[in-house]
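Note sheet for the following structure.
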Amino acid sequence: MQANLAKREPEWLAAWQAEDLYARVMDATAGATPYYFVDGPPYANGDIHIGHAVNKVLKDIVVKSARLNGHHAPFVPGWDCHGLPIELQVEKKFGKVGDKLDAAAFRAQCRQYALEQVDRQRVDFQRLGILADWHKPYLTMQPAYEAEQLRVLARICDNGHVVRGFKPVHWCLDCGSSLAEAEVEYQDKQSTTVDVAFAAADSADVAKRFGVEGTTPIAFVIWTTTPWSLPGNQAISVHPDLDYVLADFSVDGLESRRLLVAQGLLEACAKRWNAEQPRVLATLKGEALVGVVATHPFADRASPLIASADVTLDAGTGLVHAAPAHGMEDFVACRAVGIEVLNPVAANGAYKQDTPVVGGIHLRKAEAPILDALRAANALIHSAPITHSYPHCWRHKTPLITLATPQWFVAMDKAGLRTAALEAIDATRWIPSWGRERIRGMVAERPDWCISRQRTWGVPLALFVHKQTQDPHPRSGDLLRAVADKVEAGGLEAWFGSSVSDWLPENEAGDYTKCPDTLDVWFDSGSAHQCSFVSTNPAVLDENGLAPLADMYLEGSDQHRGWFHSSLLTCVAMRQRSPYKAVLTHGFTVDEQGRKMSKSLGNVVAPQQVTKTLGADVLRLWVSASDYSGEIAISDNLLKRMADAYRRIRNTARYLLGNLDGFDPAADAVPVAQMLLIDRWAVAQAAALQAEIKQAYADAQFHLVYQKLHNYCVTDLGGLYLDVLKDRLYTSAPKSLARRSAQTALLHIAEAMVRWIAPVLSFTADEIWQLLPGDRSASIFAQRWYELPKIHLADDGVDWPLLVATREAVKKTLEELRAAGTIGSGLNAQVSIYADTDLASALGSPGDELRFWFITSGAKLAPLSGKPAEAGEHELSSGEKIWIHASASQHEKCERCWHQVADVGANAAHPGLCGRCEANVYGGGESRRVI
């Protein structure tokens, strides 16, 4: 084995591609039980980053370990190809639709751009050693995928989940489109808060309800952080069970005003308004105020008081300005009392021309004229800045508005989707387990899913809407399937370039219009559970054309509200079941200080740079070593430490391979029953470790695989067995039982170990596999776990744990001699161990070979009664005690094995050799039984 991964890995990768290794592995495992893994598609825009690398390597580990478990495990990579980011890239070059390109040409450019991005990302993913069907990935823009997505929508329509509604949705002014919950992120934003007085239309009536006499003007004070929404005010919400007070306030030292607020916020309001101690006139439950009418401060319309259980005393005045076009809670409360929703804001963010005060003005510029209008109406009680968490577009990082527009929704409750989805969540294995509660809470509380988007580049929401009733065509499912067939044959323009009459009979065409919207891109990727199979592997579909259940989905922790979520809803709405058996979630990458990756901080680690310097296997080892259940730390220092760990594993493999050179398993392997006892023990240790590693892979606890493997190479194997074995391998006769037994054990260990590392250190495992003796024509990636011999150590009569513990005690004693300068190495020493009779008997099983266990020139057991005063006391892990005395050997050193023993030079013909080496070189060879 040679070093320099960064140089040699591309050579291996080229060989894999030349032989079409993925196809070979698929052919070799074709008859095995299938394991279906659906790749969550990255977006086809820009180079991959370290998060992509973590994600894809974890997926590769999952699939490769599934093959070790005896599965036929295809890995079909995917890409998400529609949506705004690609549109924006095309707009940079060609402008918006209509500037230089018509819609069809614009979509063609989007498709071309996406293909270029896929090709760039594919190269980087392959460089990471990801073994997948790179020649035939699934792309959400493939006609077969797009067509099947429409068939998925058809099934969901048939099941009664798709509805059209005029509802408030998150709206991005920069996208010019509605957004799904998964496209919304919350950031701090500075806004202006205002306390606004809405004058009572009939102050005498309000006073009477409070039992107060007089006709003094009364006003209801609302508080809001969105002054731009005031033109859309249509009501004021009160909580029916809260107490409200009518009080006289002197605000900022001005003349007294009679205002109405919640009793629980009276003091807070007075403080905020810099008002003198208000004089409370009376108290009344909110229920008694329902039906009272206020007047809008600057619009010629009434704002009735309505009841809403959503009103709280957390902040404000206890009276909530209700703009049903700009908030779901307001929308629900107003619709409940028959208020028809007024939406003063157009899709481009400008107020409609007939809107008082701000008609024709963009809402981002509307705050100043609105505040001026409130002051002019003597309605502005107070204003102040506030920094608060506010919804932002995940693409543009700009604040969103809530806007009531006609949209298409997947209804959560109309046909029982929410209940069925929650049941599917409970039937799924979540890794880590907290993922279940996270997605469960999201599904339990989420609103209907808005699936319509106002975009050019996307799969059409191919529905027909009645011009009068605005209802979808009663045969929507059948029509969607008809459109799907045309799209599959001719692409998206089969829909976009058509007219209603191309789809509906003459007696219907005049009554319907085509829906101009596209589907939410989360619906695109969320349909991969069906569409990816149809577009790339249709042979696995059942008799109804439905795809198999995926064994696992794996993505970052943000996908509980993203891809896991949309996949769940589409599959349950379509098939009444979950799309996956298990879901694995990993954290995000951060630096050593826990900070996010940022160019400004200079802490970005690019996977391309890592593969160029350290190699992909070092990066893969870092991924496997990280506990993905939380944030995943990476830095140059961490990668350098991981490179050291890699070298330890690689050097262990080199030692195994070096000592198997020339070994022919068919001719030279020793039957297990004839192997030396330490070799049997080493193989049994490997079998025990393999069981633990197999379980760690099965539990997707890959960091435990790394920990166990690294510890084995450093301690149990490299630090003990191989250390002890060196003498026998280097001094025994080449064809002796002693050496062949050792080589047989090393082959068993190497056969097992190469499989342990194959899912993680794929390039290294392939190299080891090719260098191992025996037939290696089949790929390592088509292998199952190696079946290690079953060995019953109890039959051997050796207390290995006791020997291991005693060896550690001897090593400490020798280290003291070495520190004192008495010896240089253990072979310069001879050791005496004093123990009671039973313990001495247990330690004595190796007989004269005990010195090889301690790697000393001499080792003897002696009665406890004879221990000298200078013998050191040692307590073993079992609680038993021994005493050890070590001293420098006074004998000559054998020039071949370096042991200092009495019989060096005993044969004058070979004065530099000990008797053992003389027998190994010139005689019949030494005999070993245990060590």
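If you're wondering about the labels, chains in the structure tokens are A, B, ... by order shown, residues count from 1 in each chain, ligands from 1 in order shown.
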Practice item. Find the residues near segment 888-894 of chain A: any atom within 8 Å, counting only C-alpha atoms, skip ones fewer than 5 places away on the same chain, and give them as a ChimeraX atom specification. Key: /A:822-823,828-830,857-858,899-902,904,912-914
Would you save the residues from that selection as a PDB file, in the first residue's frame, using N, CA, C and O atoms?
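That gives us part.pdb:
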ATOM      1  N   THR A 822      18.081   1.653  32.942  1.00  0.00           N
ATOM      2  CA  THR A 822      18.551   0.289  33.200  1.00  0.00           C
ATOM      3  C   THR A 822      18.431  -0.573  31.956  1.00  0.00           C
ATOM      4  O   THR A 822      19.290  -1.423  31.697  1.00  0.00           O
ATOM      5  N   ILE A 823      17.418  -0.377  31.187  1.00  0.00           N
ATOM      6  CA  ILE A 823      17.215  -1.148  29.957  1.00  0.00           C
ATOM      7  C   ILE A 823      16.845  -0.172  28.844  1.00  0.00           C
ATOM      8  O   ILE A 823      16.427   0.962  29.077  1.00  0.00           O
ATOM      9  N   ASN A 828      15.734  -6.368  26.663  1.00  0.00           N
ATOM     10  CA  ASN A 828      16.923  -6.271  27.519  1.00  0.00           C
ATOM     11  C   ASN A 828      16.629  -6.765  28.930  1.00  0.00           C
ATOM     12  O   ASN A 828      17.537  -6.806  29.775  1.00  0.00           O
ATOM     13  N   ALA A 829      15.362  -7.155  29.179  1.00  0.00           N
ATOM     14  CA  ALA A 829      14.959  -7.453  30.554  1.00  0.00           C
ATOM     15  C   ALA A 829      14.527  -8.901  30.727  1.00  0.00           C
ATOM     16  O   ALA A 829      14.186  -9.602  29.771  1.00  0.00           O
ATOM     17  N   GLN A 830      14.559  -9.303  31.989  1.00  0.00           N
ATOM     18  CA  GLN A 830      13.946 -10.562  32.387  1.00  0.00           C
ATOM     19  C   GLN A 830      13.035 -10.266  33.579  1.00  0.00           C
ATOM     20  O   GLN A 830      13.332  -9.404  34.399  1.00  0.00           O
ATOM     21  N   SER A 857      13.148 -11.007  27.388  1.00  0.00           N
ATOM     22  CA  SER A 857      14.050 -12.136  27.109  1.00  0.00           C
ATOM     23  C   SER A 857      13.846 -13.279  28.093  1.00  0.00           C
ATOM     24  O   SER A 857      14.310 -14.393  27.854  1.00  0.00           O
ATOM     25  N   GLY A 858      13.205 -13.005  29.195  1.00  0.00           N
ATOM     26  CA  GLY A 858      12.930 -14.062  30.158  1.00  0.00           C
ATOM     27  C   GLY A 858      11.708 -13.709  30.973  1.00  0.00           C
ATOM     28  O   GLY A 858      11.443 -12.533  31.258  1.00  0.00           O
ATOM     29  N   HIS A 899      16.801 -11.538  21.396  1.00  0.00           N
ATOM     30  CA  HIS A 899      16.563 -11.995  22.762  1.00  0.00           C
ATOM     31  C   HIS A 899      17.917 -12.216  23.442  1.00  0.00           C
ATOM     32  O   HIS A 899      18.858 -12.718  22.825  1.00  0.00           O
ATOM     33  N   GLN A 900      17.993 -11.851  24.713  1.00  0.00           N
ATOM     34  CA  GLN A 900      19.207 -12.069  25.505  1.00  0.00           C
ATOM     35  C   GLN A 900      18.976 -13.287  26.396  1.00  0.00           C
ATOM     36  O   GLN A 900      18.353 -13.194  27.448  1.00  0.00           O
ATOM     37  N   VAL A 901      19.471 -14.416  25.906  1.00  0.00           N
ATOM     38  CA  VAL A 901      19.211 -15.679  26.595  1.00  0.00           C
ATOM     39  C   VAL A 901      20.518 -16.460  26.770  1.00  0.00           C
ATOM     40  O   VAL A 901      21.528 -16.177  26.119  1.00  0.00           O
ATOM     41  N   ALA A 902      20.464 -17.468  27.641  1.00  0.00           N
ATOM     42  CA  ALA A 902      21.690 -18.175  28.048  1.00  0.00           C
ATOM     43  C   ALA A 902      22.322 -18.958  26.922  1.00  0.00           C
ATOM     44  O   ALA A 902      23.552 -19.171  26.915  1.00  0.00           O
ATOM     45  N   VAL A 904      22.746 -18.285  23.758  1.00  0.00           N
ATOM     46  CA  VAL A 904      23.337 -17.582  22.615  1.00  0.00           C
ATOM     47  C   VAL A 904      24.796 -18.022  22.475  1.00  0.00           C
ATOM     48  O   VAL A 904      25.574 -17.959  23.441  1.00  0.00           O
ATOM     49  N   GLY A 912      26.508 -16.323  16.900  1.00  0.00           N
ATOM     50  CA  GLY A 912      25.643 -15.169  17.148  1.00  0.00           C
ATOM     51  C   GLY A 912      24.190 -15.520  17.357  1.00  0.00           C
ATOM     52  O   GLY A 912      23.365 -14.630  17.593  1.00  0.00           O
ATOM     53  N   LEU A 913      23.828 -16.807  17.275  1.00  0.00           N
ATOM     54  CA  LEU A 913      22.425 -17.207  17.342  1.00  0.00           C
ATOM     55  C   LEU A 913      22.107 -17.891  18.653  1.00  0.00           C
ATOM     56  O   LEU A 913      22.944 -18.567  19.253  1.00  0.00           O
ATOM     57  N   CYS A 914      20.870 -17.702  19.067  1.00  0.00           N
ATOM     58  CA  CYS A 914      20.361 -18.475  20.207  1.00  0.00           C
ATOM     59  C   CYS A 914      19.903 -19.828  19.691  1.00  0.00           C
ATOM     60  O   CYS A 914      19.786 -20.048  18.473  1.00  0.00           O
TER      61      CYS A 914
END
**Study point:** Test item: residues at most 9 Å from segment 433-435 of chain A, only C-alpha atoms, excluding those fewer than 3 positions along its chain, as a list of chain:residue names
**Key:**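 So, after excluding close chain neighbours, the residues are A:Arg429, A:Trp430, A:Arg438, A:Ile439, A:Arg440, A:Ser557, A:His560, A:Val583, A:Leu584, A:Thr585.
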With a cut-off of 10 Å, could you pull out the residues of segment 5-62 of chain A touching segment 83-98 of chain A and give me the nearest pair of atoms for each, distance in Å to one decimal, using only C-alpha atoms, ordered by chain and ascending number, as a tab-separated table?
residue	atom	partner	partner_atom	distance
A:Tyr43	CA	A:Pro85	CA	9.0
A:Ala44	CA	A:Ile86	CA	8.0
A:Asn45	CA	A:Ile86	CA	6.9
Review point. Which one is closest to Val683 of chain A: A:Arg647, A:His748, A:Arg896, A:Lys708? Count only C-alpha atoms.
Key: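 Ranking A:Arg647, A:His748, A:Arg896, A:Lys708 by distance to Val683 of chain A, first place goes to A:His748.
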Practice item. Counting only C-alpha atoms, figure out which residue out of A:Leu254, A:Leu150, A:Ile451, A:Val672 gets nearest to Arg164 of chain A. Key: A:Ile451
Practice item. May I have the residues within 12 Å of Ala835 of chain A as a ChimeraX atom specification, using only C-alpha atoms and disregarding those fewer than 2 positions away in the same chain? Key: /A:806,832-833,837-844,860-867,871-876,880-885
Check your understanding: With only C-alpha atoms as the basis for distance, which of A:Trp853, A:Trp134, A:Trp228, A:Trp457 is at the shortest distance from Phe106 of chain A?
Key ->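 Nearest to Phe106 of chain A: A:Trp457.
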Review point. If you run DSSP on the backbone, which residues of segment 304-422 of chain A are strand (DSSP E or B), as a PyMOL selection string?
Key: chain A and resi 304-307+320-322+345+350-351+362+380-393+399+401-410
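Counting only C-alpha atoms, segment 481-498 of chain A has the following residues at most 7 Å away, ignoring those fewer than 5 positions along the same chain: Ala104, Pro143, Ala144, Ala147, Glu148, Leu150, Arg151 and Ala154 of chain A.
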Point to revise | Selection near segment 723-725 of chain A, 9 Å with only C-alpha atoms, sequence-local residues under 4 positions removed, as an MDAnalysis selection string | key: chainID A and resid 717:719 729:730 742 852:855 931
Since we have the selection now, will you write its residues out, keeping N, CA and C atoms, as an mmCIF file, in the first residue's frame?
data_model
loop_
_atom_site.group_PDB
_atom_site.id
_atom_site.type_symbol
_atom_site.label_atom_id
_atom_site.label_comp_id
_atom_site.auth_asym_id
_atom_site.auth_seq_id
_atom_site.Cartn_x
_atom_site.Cartn_y
_atom_site.Cartn_z
ATOM 1 N N LEU A 717 -5.362 -4.677 18.579
ATOM 2 C CA LEU A 717 -4.632 -5.301 17.477
ATOM 3 C C LEU A 717 -3.201 -4.766 17.415
ATOM 4 N N GLY A 718 -3.057 -3.476 17.130
ATOM 5 C CA GLY A 718 -1.719 -2.912 16.969
ATOM 6 C C GLY A 718 -0.912 -2.876 18.240
ATOM 7 N N GLY A 719 -1.579 -2.595 19.359
ATOM 8 C CA GLY A 719 -0.854 -2.435 20.610
ATOM 9 C C GLY A 719 -0.648 -3.722 21.370
ATOM 10 N N LEU A 729 6.451 -14.010 13.526
ATOM 11 C CA LEU A 729 6.403 -13.782 12.088
ATOM 12 C C LEU A 729 7.789 -13.605 11.497
ATOM 13 N N TYR A 730 8.682 -12.962 12.252
ATOM 14 C CA TYR A 730 9.999 -12.629 11.716
ATOM 15 C C TYR A 730 11.058 -13.686 11.991
ATOM 16 N N ALA A 742 -0.106 -17.871 12.302
ATOM 17 C CA ALA A 742 -0.209 -16.418 12.434
ATOM 18 C C ALA A 742 -0.777 -15.794 11.166
ATOM 19 N N PHE A 852 7.332 -14.398 25.441
ATOM 20 C CA PHE A 852 6.891 -13.809 24.167
ATOM 21 C C PHE A 852 5.663 -12.910 24.368
ATOM 22 N N TRP A 853 4.866 -13.251 25.355
ATOM 23 C CA TRP A 853 3.677 -12.437 25.669
ATOM 24 C C TRP A 853 4.102 -11.072 26.224
ATOM 25 N N PHE A 854 5.120 -11.086 27.072
ATOM 26 C CA PHE A 854 5.595 -9.830 27.665
ATOM 27 C C PHE A 854 6.618 -9.118 26.780
ATOM 28 N N ILE A 855 7.103 -9.796 25.744
ATOM 29 C CA ILE A 855 8.172 -9.317 24.854
ATOM 30 C C ILE A 855 9.406 -8.965 25.701
ATOM 31 N N ILE A 931 1.744 -18.943 22.487
ATOM 32 C CA ILE A 931 2.116 -17.599 22.063
ATOM 33 C C ILE A 931 3.001 -17.667 20.817
#
